[in-house]
$ cat start_36.cif   # mmCIF, C-alpha atoms and all ligand atoms
data_structure
loop_
_atom_site.label_atom_id
_atom_site.label_comp_id
_atom_site.auth_asym_id
_atom_site.auth_seq_id
_atom_site.Cartn_x
_atom_site.Cartn_y
_atom_site.Cartn_z
CA MET A 1 -4.70 23.66 -29.66
CA ASP A 2 -2.51 22.22 -26.96
CA LEU A 3 -2.50 18.56 -26.04
CA ILE A 4 -4.66 18.92 -22.93
CA GLN A 5 -7.22 21.00 -24.79
CA LYS A 6 -7.31 18.40 -27.56
CA ILE A 7 -8.05 15.65 -25.04
CA ARG A 8 -10.80 17.71 -23.42
CA ASN A 9 -12.27 18.39 -26.87
CA LYS A 10 -12.08 14.67 -27.74
CA VAL A 11 -9.71 15.21 -30.64
CA ARG A 12 -8.02 11.98 -31.67
CA LEU A 13 -4.28 11.91 -30.93
CA THR A 14 -1.43 10.92 -33.26
CA GLN A 15 1.60 8.72 -32.52
CA GLU A 16 3.72 11.79 -31.64
CA GLU A 17 1.03 13.23 -29.40
CA GLY A 18 0.56 9.86 -27.72
CA GLU A 19 4.26 9.73 -26.92
CA ALA A 20 4.10 13.30 -25.58
CA LEU A 21 1.40 12.24 -23.12
CA TYR A 22 4.06 10.44 -21.10
CA ASP A 23 5.68 13.85 -20.45
CA LEU A 24 2.57 15.10 -18.66
CA ASP A 25 2.61 14.69 -14.91
CA LEU A 26 0.78 11.71 -13.47
CA TYR A 27 -2.02 13.68 -11.82
CA THR A 28 -2.84 15.65 -14.96
CA LEU A 29 -2.98 12.41 -16.96
CA GLY A 30 -5.06 10.79 -14.23
CA GLU A 31 -7.57 13.63 -14.22
CA LEU A 32 -7.91 13.57 -18.01
CA ALA A 33 -8.40 9.81 -18.15
CA ASP A 34 -10.73 9.84 -15.16
CA ALA A 35 -12.95 12.43 -16.81
CA ILE A 36 -13.36 10.17 -19.86
CA ARG A 37 -14.07 7.16 -17.68
CA LYS A 38 -16.58 9.07 -15.53
CA GLU A 39 -18.45 10.37 -18.55
CA LYS A 40 -18.90 6.78 -19.80
CA TYR A 41 -19.47 4.86 -16.59
CA GLY A 42 -19.75 7.25 -13.64
CA ASN A 43 -18.70 5.44 -10.51
CA LYS A 44 -19.19 1.91 -11.82
CA SER A 45 -16.39 -0.61 -11.76
CA TYR A 46 -16.98 -3.82 -13.68
CA PHE A 47 -15.91 -7.37 -12.90
CA ASN A 48 -17.13 -10.88 -13.61
CA ILE A 49 -17.21 -14.22 -11.86
CA ASN A 50 -14.93 -16.26 -14.02
CA ARG A 51 -12.49 -19.13 -14.10
CA HIS A 52 -9.19 -19.09 -15.95
CA LEU A 53 -8.38 -22.55 -17.26
CA ASN A 54 -5.05 -23.43 -18.85
CA PRO A 55 -5.39 -27.02 -20.08
CA THR A 56 -1.83 -27.67 -21.32
CA ASN A 57 1.61 -26.14 -20.93
CA VAL A 58 3.24 -28.14 -23.73
CA CYS A 59 4.28 -25.53 -26.29
CA ALA A 60 5.83 -25.63 -29.76
CA ASP A 61 6.66 -21.92 -29.60
CA ILE A 62 9.32 -20.24 -27.51
CA CYS A 63 8.49 -16.84 -26.03
CA LYS A 64 11.27 -15.39 -23.89
CA PHE A 65 8.84 -13.81 -21.40
CA CYS A 66 6.85 -16.99 -20.76
CA ALA A 67 7.31 -18.91 -17.52
CA TYR A 68 4.24 -21.04 -18.08
CA SER A 69 5.17 -23.28 -20.99
CA ALA A 70 7.10 -26.43 -20.16
CA SER A 71 10.80 -25.79 -20.76
CA ARG A 72 14.12 -26.35 -19.08
CA LYS A 73 13.02 -23.85 -16.40
CA ASN A 74 9.67 -25.58 -15.98
CA PRO A 75 10.13 -29.28 -16.73
CA ASN A 76 6.68 -30.27 -15.44
CA GLN A 77 4.64 -30.88 -18.56
CA TYR A 78 0.91 -31.44 -18.33
CA THR A 79 -2.00 -31.86 -20.70
CA MET A 80 -5.51 -32.29 -19.32
CA THR A 81 -7.93 -34.84 -20.71
CA HIS A 82 -11.41 -33.69 -21.68
CA GLU A 83 -12.70 -35.40 -18.55
CA GLN A 84 -10.32 -33.40 -16.36
CA ILE A 85 -11.31 -30.19 -18.12
CA LEU A 86 -15.01 -30.97 -17.66
CA ASP A 87 -14.52 -31.76 -13.97
CA ILE A 88 -12.91 -28.36 -13.43
CA VAL A 89 -15.62 -26.57 -15.39
CA LYS A 90 -18.35 -28.38 -13.47
CA ASN A 91 -16.82 -27.39 -10.17
CA SER A 92 -16.37 -23.77 -11.27
CA GLU A 93 -19.93 -23.57 -12.51
CA GLN A 94 -21.16 -24.85 -9.17
CA LEU A 95 -19.08 -22.14 -7.48
CA GLY A 96 -20.89 -19.53 -9.57
CA ALA A 97 -18.59 -18.94 -12.57
CA LYS A 98 -20.37 -17.48 -15.58
CA GLU A 99 -17.35 -17.40 -17.86
CA ILE A 100 -14.64 -19.92 -18.51
CA HIS A 101 -11.53 -18.30 -19.98
CA ILE A 102 -9.46 -20.99 -21.68
CA VAL A 103 -5.92 -20.34 -22.87
CA SER A 104 -3.55 -23.16 -23.74
CA ALA A 105 0.03 -23.45 -24.83
CA HIS A 106 0.63 -24.47 -28.45
CA ASN A 107 0.57 -28.22 -28.00
CA PRO A 108 1.68 -30.14 -31.11
CA ASN A 109 0.69 -33.56 -29.76
CA ASP A 110 -3.07 -33.61 -29.51
CA GLY A 111 -4.61 -32.23 -32.70
CA VAL A 112 -7.36 -29.75 -33.46
CA GLU A 113 -10.00 -32.06 -32.02
CA TRP A 114 -8.45 -31.91 -28.55
CA TYR A 115 -9.10 -28.14 -28.55
CA MET A 116 -12.50 -28.16 -30.27
CA GLY A 117 -13.83 -31.29 -28.57
CA ALA A 118 -13.27 -29.68 -25.18
CA PHE A 119 -15.28 -26.60 -26.19
CA ARG A 120 -18.08 -28.74 -27.64
CA LYS A 121 -18.37 -30.87 -24.52
CA ILE A 122 -18.34 -27.82 -22.22
CA LYS A 123 -21.10 -26.18 -24.28
CA GLU A 124 -23.18 -29.36 -24.34
CA GLN A 125 -23.00 -29.81 -20.59
CA PHE A 126 -23.05 -26.14 -19.55
CA PRO A 127 -24.95 -24.24 -22.24
CA ASP A 128 -25.25 -21.06 -20.14
CA LEU A 129 -21.53 -20.75 -19.48
CA HIS A 130 -19.73 -18.21 -21.68
CA ILE A 131 -16.66 -19.75 -23.33
CA LYS A 132 -13.92 -17.19 -23.93
CA ALA A 133 -11.19 -19.17 -25.61
CA MET A 134 -8.38 -19.37 -28.18
CA THR A 135 -5.98 -16.49 -28.50
CA ALA A 136 -5.00 -15.44 -32.01
CA ALA A 137 -1.64 -17.07 -31.25
CA GLU A 138 -3.34 -20.44 -30.66
CA ILE A 139 -5.41 -20.08 -33.84
CA ASP A 140 -2.29 -19.27 -35.83
CA PHE A 141 -0.50 -22.25 -34.29
CA LEU A 142 -3.29 -24.64 -35.31
CA THR A 143 -3.17 -23.39 -38.90
CA ARG A 144 0.62 -23.82 -39.06
CA GLU A 145 0.59 -27.24 -37.43
CA TYR A 146 -2.34 -28.78 -39.26
CA GLY A 147 -2.40 -26.94 -42.62
CA ILE A 148 -5.88 -25.45 -42.23
CA SER A 149 -6.89 -21.84 -42.76
CA TYR A 150 -7.76 -19.12 -40.25
CA ASP A 151 -11.32 -19.21 -41.59
CA ASP A 152 -11.55 -22.95 -40.97
CA VAL A 153 -10.31 -22.69 -37.37
CA ILE A 154 -12.61 -19.76 -36.64
CA ASP A 155 -15.63 -21.56 -38.11
CA LEU A 156 -14.76 -24.64 -36.04
CA MET A 157 -14.53 -22.52 -32.91
CA ILE A 158 -17.96 -21.06 -33.52
CA GLU A 159 -19.47 -24.48 -34.32
CA SER A 160 -17.89 -25.85 -31.13
CA GLY A 161 -19.41 -23.19 -28.89
CA VAL A 162 -16.69 -20.57 -28.38
CA ASP A 163 -18.51 -17.31 -27.58
CA SER A 164 -15.72 -14.73 -27.56
CA MET A 165 -11.96 -14.52 -27.99
CA PRO A 166 -9.51 -13.38 -25.31
CA GLY A 167 -6.92 -10.75 -26.10
CA GLY A 168 -3.78 -12.79 -25.55
CA GLY A 169 -0.83 -13.23 -27.88
CA ALA A 170 -0.69 -9.57 -28.90
CA GLU A 171 2.43 -8.86 -26.80
CA ILE A 172 3.93 -5.81 -28.57
CA PHE A 173 3.20 -5.28 -32.25
CA ASP A 174 6.47 -3.58 -33.18
CA GLU A 175 8.09 -6.14 -35.47
CA LYS A 176 11.66 -5.83 -34.15
CA VAL A 177 10.67 -6.17 -30.49
CA ARG A 178 8.32 -8.97 -31.38
CA GLU A 179 11.05 -10.87 -33.20
CA TYR A 180 13.25 -10.57 -30.12
CA LEU A 181 10.47 -11.64 -27.73
CA CYS A 182 8.69 -14.39 -29.58
CA LYS A 183 10.10 -15.12 -33.02
CA GLY A 184 8.05 -17.64 -35.00
CA LYS A 185 4.79 -16.95 -33.17
CA VAL A 186 1.79 -15.22 -34.78
CA THR A 187 2.96 -11.96 -36.40
CA SER A 188 1.36 -8.62 -35.59
CA GLU A 189 -0.36 -8.49 -38.98
CA GLN A 190 -1.69 -12.01 -38.50
CA TRP A 191 -2.94 -11.23 -34.98
CA ILE A 192 -4.88 -8.26 -36.40
CA GLU A 193 -6.15 -10.32 -39.36
CA ILE A 194 -7.46 -13.08 -37.08
CA HIS A 195 -9.33 -10.64 -34.83
CA GLN A 196 -10.72 -8.91 -37.92
CA LYS A 197 -12.05 -12.23 -39.23
CA TRP A 198 -13.57 -13.00 -35.84
CA HIS A 199 -15.25 -9.59 -35.67
CA GLU A 200 -16.53 -9.95 -39.24
CA ARG A 201 -18.52 -12.95 -38.05
CA GLY A 202 -20.30 -10.65 -35.59
CA LYS A 203 -18.22 -11.86 -32.64
CA GLN A 204 -16.41 -9.87 -29.96
CA SER A 205 -12.92 -10.09 -28.53
CA ASN A 206 -10.41 -8.33 -26.31
CA ALA A 207 -6.92 -7.04 -26.95
CA THR A 208 -3.88 -7.13 -24.68
CA MET A 209 -0.48 -5.44 -24.65
CA LEU A 210 2.43 -6.91 -22.72
CA PHE A 211 4.53 -4.02 -21.44
CA GLY A 212 7.29 -3.19 -19.00
CA HIS A 213 10.06 -5.31 -20.53
CA VAL A 214 12.27 -4.19 -23.45
CA GLU A 215 9.76 -2.06 -25.35
CA THR A 216 9.76 1.74 -25.43
CA ARG A 217 6.89 4.11 -24.76
CA ALA A 218 6.71 4.73 -28.53
CA HIS A 219 6.16 0.99 -29.10
CA ARG A 220 3.21 1.06 -26.67
CA ILE A 221 1.59 3.97 -28.52
CA ASP A 222 2.16 2.24 -31.86
CA HIS A 223 0.49 -0.88 -30.43
CA MET A 224 -2.54 1.12 -29.30
CA ILE A 225 -2.88 2.88 -32.65
CA ARG A 226 -2.82 -0.41 -34.59
CA LEU A 227 -5.69 -1.64 -32.38
CA ARG A 228 -7.57 1.63 -32.75
CA ASP A 229 -7.30 1.33 -36.55
CA LEU A 230 -8.82 -2.16 -36.52
CA GLN A 231 -11.54 -1.05 -34.11
CA ASP A 232 -12.48 1.74 -36.55
CA LYS A 233 -13.12 -0.97 -39.17
CA THR A 234 -14.88 -3.60 -37.07
CA GLY A 235 -15.96 -2.28 -33.66
CA GLY A 236 -15.43 -5.80 -32.28
CA PHE A 237 -13.12 -5.11 -29.34
CA ASN A 238 -14.72 -4.93 -25.91
CA ALA A 239 -11.72 -4.27 -23.73
CA PHE A 240 -8.06 -3.31 -23.86
CA ILE A 241 -5.86 -4.96 -21.24
CA PRO A 242 -2.36 -3.65 -20.59
CA LEU A 243 -0.53 -6.63 -19.05
CA VAL A 244 2.36 -5.70 -16.79
CA TYR A 245 5.35 -7.96 -17.47
CA GLN A 246 6.06 -10.43 -14.61
CA ARG A 247 9.72 -11.21 -14.27
CA ASP A 248 10.22 -14.63 -12.61
CA ASN A 249 11.27 -17.97 -14.14
CA ASN A 250 11.62 -16.96 -17.77
CA PHE A 251 14.29 -16.27 -20.39
CA LEU A 252 13.89 -12.52 -20.86
CA LYS A 253 16.62 -10.37 -19.38
CA VAL A 254 15.11 -7.08 -18.22
CA LYS A 255 16.99 -4.48 -16.18
CA ASP A 256 14.42 -1.77 -15.58
CA PHE A 257 10.91 -2.64 -14.50
CA PRO A 258 8.18 -0.01 -14.75
CA SER A 259 7.38 1.95 -11.61
CA GLY A 260 3.81 2.19 -10.31
CA GLN A 261 3.72 5.67 -11.84
CA GLU A 262 4.71 4.37 -15.26
CA ILE A 263 2.04 1.67 -15.06
CA LEU A 264 -0.65 4.18 -14.06
CA LYS A 265 0.45 6.52 -16.85
CA THR A 266 0.14 3.66 -19.33
CA TYR A 267 -3.40 2.89 -18.15
CA ALA A 268 -4.41 6.54 -18.38
CA ILE A 269 -2.83 6.92 -21.82
CA SER A 270 -4.63 3.77 -23.02
CA ARG A 271 -7.94 5.37 -22.02
CA ILE A 272 -7.05 8.59 -23.84
CA MET A 273 -5.61 7.03 -27.01
CA LEU A 274 -8.22 4.27 -27.42
CA ASP A 275 -11.22 6.50 -27.94
CA ASN A 276 -13.13 3.70 -29.66
CA ILE A 277 -12.53 0.73 -27.31
CA PRO A 278 -15.17 0.84 -24.57
CA HIS A 279 -13.41 -0.78 -21.61
CA ILE A 280 -9.91 -0.48 -20.17
CA LYS A 281 -9.11 -3.35 -17.88
CA ALA A 282 -6.77 -3.09 -14.91
CA TYR A 283 -5.96 -6.78 -14.74
CA TRP A 284 -5.24 -7.15 -11.02
CA VAL A 285 -3.19 -10.28 -11.65
CA THR A 286 -0.33 -8.38 -13.29
CA ALA A 287 -0.85 -4.92 -11.80
CA SER A 288 -1.24 -6.18 -8.20
CA VAL A 289 -4.58 -5.69 -6.49
CA ASN A 290 -3.51 -2.43 -4.85
CA LEU A 291 -2.44 -0.77 -8.06
CA ALA A 292 -5.48 -2.08 -9.95
CA LEU A 293 -7.73 -0.41 -7.37
CA ILE A 294 -5.88 2.88 -7.82
CA ALA A 295 -6.05 2.42 -11.61
CA GLN A 296 -9.81 2.89 -11.30
CA GLU A 297 -8.97 6.59 -10.86
CA PHE A 298 -6.64 6.53 -13.88
CA GLY A 299 -9.09 5.56 -16.60
CA CYS A 300 -9.76 1.88 -15.89
CA ASP A 301 -13.37 0.75 -15.49
CA ASP A 302 -12.87 -3.01 -15.31
CA LEU A 303 -10.89 -5.32 -13.03
CA ASP A 304 -11.37 -8.67 -14.86
CA GLY A 305 -12.79 -11.15 -12.37
CA THR A 306 -12.49 -13.50 -9.45
CA ILE A 307 -10.49 -15.93 -11.67
CA GLU A 308 -10.44 -18.84 -9.15
CA LYS A 309 -7.13 -20.10 -10.53
CA GLU A 310 -4.57 -18.75 -12.98
CA SER A 311 -1.43 -20.45 -14.25
CA ILE A 312 0.28 -18.20 -16.83
CA GLN A 313 1.21 -15.06 -14.95
CA SER A 314 1.42 -16.82 -11.59
CA ALA A 315 4.20 -18.99 -13.10
CA ALA A 316 6.10 -15.72 -13.67
CA GLY A 317 5.57 -14.38 -10.16
CA ALA A 318 2.04 -12.93 -9.99
CA ALA A 319 0.04 -13.63 -6.82
CA SER A 320 -2.94 -14.99 -8.72
CA SER A 321 -2.72 -18.76 -8.51
CA HIS A 322 -5.83 -18.93 -6.30
CA GLY A 323 -7.90 -16.09 -7.67
CA MET A 324 -9.90 -13.77 -5.45
CA ASP A 325 -12.80 -14.32 -3.08
CA LEU A 326 -15.98 -12.66 -4.38
CA ASN A 327 -16.86 -10.95 -1.09
CA ASP A 328 -13.31 -9.63 -0.68
CA PHE A 329 -13.28 -8.39 -4.27
CA VAL A 330 -16.57 -6.55 -3.86
CA ALA A 331 -15.46 -5.06 -0.52
CA LEU A 332 -12.16 -3.83 -2.00
CA ILE A 333 -13.93 -2.13 -4.91
CA LYS A 334 -16.48 -0.55 -2.56
CA ASN A 335 -13.84 0.60 -0.10
CA SER A 336 -11.90 2.24 -2.90
CA GLY A 337 -14.93 4.40 -3.60
CA PHE A 338 -16.44 2.66 -6.62
CA GLN A 339 -19.63 0.74 -7.20
CA PRO A 340 -18.93 -2.92 -7.99
CA ILE A 341 -20.97 -4.06 -10.97
CA GLU A 342 -20.94 -7.72 -11.85
CA ARG A 343 -21.11 -8.03 -15.63
CA ASP A 344 -21.33 -10.87 -18.09
CA SER A 345 -18.56 -11.48 -20.60
CA LEU A 346 -20.03 -9.01 -23.10
CA TYR A 347 -20.49 -6.27 -20.47
CA ASN A 348 -24.21 -6.61 -19.86
CA GLU A 349 -24.79 -5.59 -16.25
CA LEU A 350 -25.92 -8.48 -14.02
CA LYS A 351 -25.80 -7.16 -10.47
CA ALA A 352 -24.94 -3.94 -8.67
CA TYR A 353 -23.41 -4.62 -5.24
O1 LIG B 1 -0.64 -13.35 -24.28
C1 LIG B 1 2.82 -14.44 -20.60
C2 LIG B 1 0.85 -12.93 -21.12
C3 LIG B 1 -1.14 -13.56 -21.93
C4 LIG B 1 3.76 -13.25 -19.07
O2 LIG B 1 -8.86 -11.19 -22.87
C5 LIG B 1 2.58 -12.62 -19.42
O3 LIG B 1 -9.85 -10.64 -21.01
C6 LIG B 1 2.95 -10.95 -17.89
O4 LIG B 1 -4.13 -12.75 -22.63
N1 LIG B 1 4.13 -11.48 -17.55
C7 LIG B 1 -2.30 -14.51 -21.72
N2 LIG B 1 2.16 -11.48 -18.83
C8 LIG B 1 -3.33 -13.90 -20.76
C9 LIG B 1 -4.28 -12.98 -21.46
C10 LIG B 1 -5.43 -12.37 -20.77
C11 LIG B 1 -5.41 -12.17 -19.40
C12 LIG B 1 -6.52 -11.60 -18.79
C13 LIG B 1 -7.64 -11.24 -19.49
C14 LIG B 1 -7.64 -11.42 -20.86
C15 LIG B 1 -8.87 -11.07 -21.63
C16 LIG B 1 -6.54 -11.98 -21.52
O5 LIG B 1 -0.30 -13.65 -20.79
C17 LIG B 1 -0.20 -13.83 -23.05
C18 LIG B 1 1.04 -13.06 -22.61
O6 LIG B 1 1.04 -11.78 -23.13
N3 LIG B 1 2.03 -13.37 -20.39
N4 LIG B 1 3.90 -14.38 -19.80
C19 LIG B 1 4.58 -12.61 -18.09
N5 LIG B 1 5.80 -13.11 -17.74
#

$ encode --input "start_36.cif" --output "structure tokens"
Amino acid sequence: MDLIQKIRNKVRLTQEEGEALYDLDLYTLGELADAIRKEKYGNKSYFNINRHLNPTNVCADICKFCAYSASRKNPNQYTMTHEQILDIVKNSEQLGAKEIHIVSAHNPNDGVEWYMGAFRKIKEQFPDLHIKAMTAAEIDFLTREYGISYDDVIDLMIESGVDSMPGGGAEIFDEKVREYLCKGKVTSEQWIEIHQKWHERGKQSNATMLFGHVETRAHRIDHMIRLRDLQDKTGGFNAFIPLVYQRDNNFLKVKDFPSGQEILKTYAISRIMLDNIPHIKAYWVTASVNLALIAQEFGCDDLDGTIEKESIQSAAGAASSHGMDLNDFVALIKNSGFQPIERDSLYNELKAY
């Protein structure tokens, strides 16, 4: 059976076949991915009303691609107090946010309680708000810094009100590339182990892949297959989010950035390879809004959310520091031919626009 026939017949693809997908032309790939997307979701395009909150940029780890953490390129350190965090959350909740997505740098100064206390206080004051917080990289950092186990941190997160985990810190799983990008941070095996533990507690999470820097296409396929293997065991991933590398203000030297075509191919291939992860997210922050809207026709069914403010990718050049107006977002999705569906963080449908 040839590759295209296999995809139409829903036969699972191998590493070699995944790599060969990149040799197909963009429109063929788009059609194949779009057919899968349409069968699952028809014309629906999901988003949520959320707020990204990044409470500290003080980081004990050094990732070459990161422009967010305080360093000699970004000397402006900050760490929010719980009161400052609560003020932001209160304001976002009043503006309609249903999810608060909290990702911090790996701050060695404030202890586990600074992280957990913030979650507890948010949950006490805003019990209906979904807290998506703590990447596997942050969890690993806390265990290294404070000598506690993954299980302990995960149990503390649940006790403190964290509802789901974001997909950050995955970067690229290939060990050599990972060592070059972010030596010393959570390893690929550990990232997988942490998500497995989280899923085993009946909880859901997302998974990202940072691409468009020094990795090869084969590394991307390998990354997807490692996630697919875990998903076979646990079923706990909601969404896969290919993050397009943003190039400004960091320490990674990259010559060739991916073209729009390469980005769209990667979205479509994600949809085809990840036959067991329900949602593929075109994260408009790193793809650009225009390309994210087109990505809806290349296998993506989710655009993340209105975000309100974002500090990690915008530090590296993304135009996301002030999020997106809800009415504009809805109009853009509609005008691109899709039906905007506001969802909650676990993909229950809340409102069709
Ligand atoms: O893991 C850092 C990435 C991630 C850069 O789970 C960069 O729904 C591009 O994980 N260029 C954090 N990316 C953000 C994240 C995320 C975003 C949206 C939705 C979800 C979700 C998760 O940001 C990090 C890292 O891979 N990042 N620097 C950069 N220069």

$ residues_near_ligand --input "start_36.cif" --ligand "ligand LIG 1 (chain B)" --cutoff "7 Å" --atoms "only C-alpha atoms and all ligand atoms" --output "PyMOL selection string"
chain A and resi 65-68+103+165-171+206-210+241+243-248+250+283+286+304+312-313+316

$ atom_distance --input "start_36.cif" --atom1 "CA of Lys6 in chain A" --atom2 "CA of Arg217 in chain A"
20.3 Å

$ residues_around --input "start_36.cif" --residues "Ile100 in chain A" --least-positions-apart "2" --cutoff "9 Å" --atoms "all atoms listed in the file" --output "ChimeraX atom specification"
/A:50-53,89,92-93,97-98,102,129-133,307

$ residues_around --input "start_36.cif" --residues "Asn290 in chain A" --least-positions-apart "6" --cutoff "12 Å" --atoms "only C-alpha atoms" --output "list in words"
Gly260, Leu264, Ala282, Tyr283, Trp284, Gln296, Leu303, Ala319, Phe329, Leu332, Ile333, Asn335 and Ser336 of chain A

$ residues_near_point --input "start_36.cif" --point "(-13.1, 0.3, -26.1)" --cutoff "6 Å" --atoms "only C-alpha atoms" --output "list in words"
Asn238, Ala239, Asn276, Ile277, Pro278 and His279 of chain A

$ closest_residue --input "start_36.cif" --among "A:Leu181, A:Ala218, A:Ala331, A:Ile263" --to "Cys63 in chain A" --atoms "only C-alpha atoms"
A:Leu181

$ residues_around --input "start_36.cif" --residues "Glu179 in chain A" --least-positions-apart "6" --cutoff "12 Å" --atoms "only C-alpha atoms" --output "CSV table (one decimal) with C-alpha atoms, in the coordinates of the input"
chain,number,residue,atom,x,y,z
A,62,ILE,CA,9.3,-20.2,-27.5
A,63,CYS,CA,8.5,-16.8,-26.0
A,64,LYS,CA,11.3,-15.4,-23.9
A,171,GLU,CA,2.4,-8.9,-26.8
A,172,ILE,CA,3.9,-5.8,-28.6
A,173,PHE,CA,3.2,-5.3,-32.2
A,185,LYS,CA,4.8,-17.0,-33.2
A,186,VAL,CA,1.8,-15.2,-34.8
A,187,THR,CA,3.0,-12.0,-36.4
A,188,SER,CA,1.4,-8.6,-35.6
A,214,VAL,CA,12.3,-4.2,-23.4
A,215,GLU,CA,9.8,-2.1,-25.4

$ closest_residue --input "start_36.cif" --among "A:Gly30, A:Gly337, A:Gly161, A:Gly212" --to "Met134 in chain A" --atoms "only C-alpha atoms"
A:Gly161

$ atom_distance --input "start_36.cif" --atom1 "CA of Ser164 in chain A" --atom2 "CA of Asp232 in chain A"
19.0 Å

$ atom_distance --input "start_36.cif" --atom1 "CA of Ser259 in chain A" --atom2 "CA of Asp174 in chain A"
22.3 Å

$ closest_residue --input "start_36.cif" --among "A:Asp110, A:Glu310, A:Glu83, A:Asp325" --to "Gln125 in chain A" --atoms "only C-alpha atoms"
A:Glu83

$ closest_residue --input "start_36.cif" --among "A:Lys265, A:His322, A:Lys281, A:Arg220" --to "Ala33 in chain A" --atoms "only C-alpha atoms"
A:Lys265

$ residues_near_point --input "start_36.cif" --point "(-15.8, 6.9, -21.5)" --cutoff "12 Å" --atoms "all atoms listed in the file" --output "PyMOL selection string"
chain A and resi 10+32-44+268+270-280+298-301

$ write_last_selection --input "start_36.cif" --atoms "C-alpha atoms" --output "JSON list (two decimals), in the frame of the given file"
[["chain", "number", "residue", "atom", "x", "y", "z"],
["A", 10, "LYS", "CA", -12.08, 14.67, -27.74],
["A", 32, "LEU", "CA", -7.91, 13.57, -18.01],
["A", 33, "ALA", "CA", -8.40, 9.81, -18.15],
["A", 34, "ASP", "CA", -10.73, 9.84, -15.16],
["A", 35, "ALA", "CA", -12.95, 12.43, -16.81],
["A", 36, "ILE", "CA", -13.36, 10.17, -19.86],
["A", 37, "ARG", "CA", -14.07, 7.16, -17.68],
["A", 38, "LYS", "CA", -16.58, 9.07, -15.53],
["A", 39, "GLU", "CA", -18.45, 10.37, -18.55],
["A", 40, "LYS", "CA", -18.90, 6.78, -19.80],
["A", 41, "TYR", "CA", -19.47, 4.86, -16.59],
["A", 42, "GLY", "CA", -19.75, 7.25, -13.64],
["A", 43, "ASN", "CA", -18.70, 5.44, -10.51],
["A", 44, "LYS", "CA", -19.19, 1.91, -11.82],
["A", 268, "ALA", "CA", -4.41, 6.54, -18.38],
["A", 270, "SER", "CA", -4.63, 3.77, -23.02],
["A", 271, "ARG", "CA", -7.94, 5.37, -22.02],
["A", 272, "ILE", "CA", -7.05, 8.59, -23.84],
["A", 273, "MET", "CA", -5.61, 7.03, -27.01],
["A", 274, "LEU", "CA", -8.22, 4.27, -27.42],
["A", 275, "ASP", "CA", -11.22, 6.50, -27.94],
["A", 276, "ASN", "CA", -13.13, 3.70, -29.66],
["A", 277, "ILE", "CA", -12.53, 0.73, -27.31],
["A", 278, "PRO", "CA", -15.17, 0.84, -24.57],
["A", 279, "HIS", "CA", -13.41, -0.78, -21.61],
["A", 280, "ILE", "CA", -9.91, -0.48, -20.17],
["A", 298, "PHE", "CA", -6.64, 6.53, -13.88],
["A", 299, "GLY", "CA", -9.09, 5.56, -16.60],
["A", 300, "CYS", "CA", -9.76, 1.88, -15.89],
["A", 301, "ASP", "CA", -13.37, 0.75, -15.49]]

$ closest_residue --input "start_36.cif" --among "A:Phe257, A:Val289, A:Tyr22, A:Ala105" --to "Val58 in chain A" --atoms "only C-alpha atoms"
A:Ala105

$ closest_residue --input "start_36.cif" --among "A:Leu26, A:Ile49, A:Ala118, A:Ala60" --to "Leu326 in chain A" --atoms "all atoms listed in the file"
A:Ile49

$ residues_around --input "start_36.cif" --residues "Asp222 in chain A" --least-positions-apart "6" --cutoff "10 Å" --atoms "all atoms listed in the file" --output "list in words"
Thr14, Gln15, Glu16, Gly18, Glu19, Ile172, Phe173, Asp174, Thr216 and Arg228 of chain A

$ write_last_selection --input "start_36.cif" --atoms "C-alpha atoms" --output "PDB file, keeping the file's coordinate frame"
ATOM      1  CA  THR A  14      -1.430  10.920 -33.260  1.00  0.00           C
ATOM      2  CA  GLN A  15       1.600   8.720 -32.520  1.00  0.00           C
ATOM      3  CA  GLU A  16       3.720  11.790 -31.640  1.00  0.00           C
ATOM      4  CA  GLY A  18       0.560   9.860 -27.720  1.00  0.00           C
ATOM      5  CA  GLU A  19       4.260   9.730 -26.920  1.00  0.00           C
ATOM      6  CA  ILE A 172       3.930  -5.810 -28.570  1.00  0.00           C
ATOM      7  CA  PHE A 173       3.200  -5.280 -32.250  1.00  0.00           C
ATOM      8  CA  ASP A 174       6.470  -3.580 -33.180  1.00  0.00           C
ATOM      9  CA  THR A 216       9.760   1.740 -25.430  1.00  0.00           C
ATOM     10  CA  ARG A 228      -7.570   1.630 -32.750  1.00  0.00           C
TER      11      ARG A 228
END
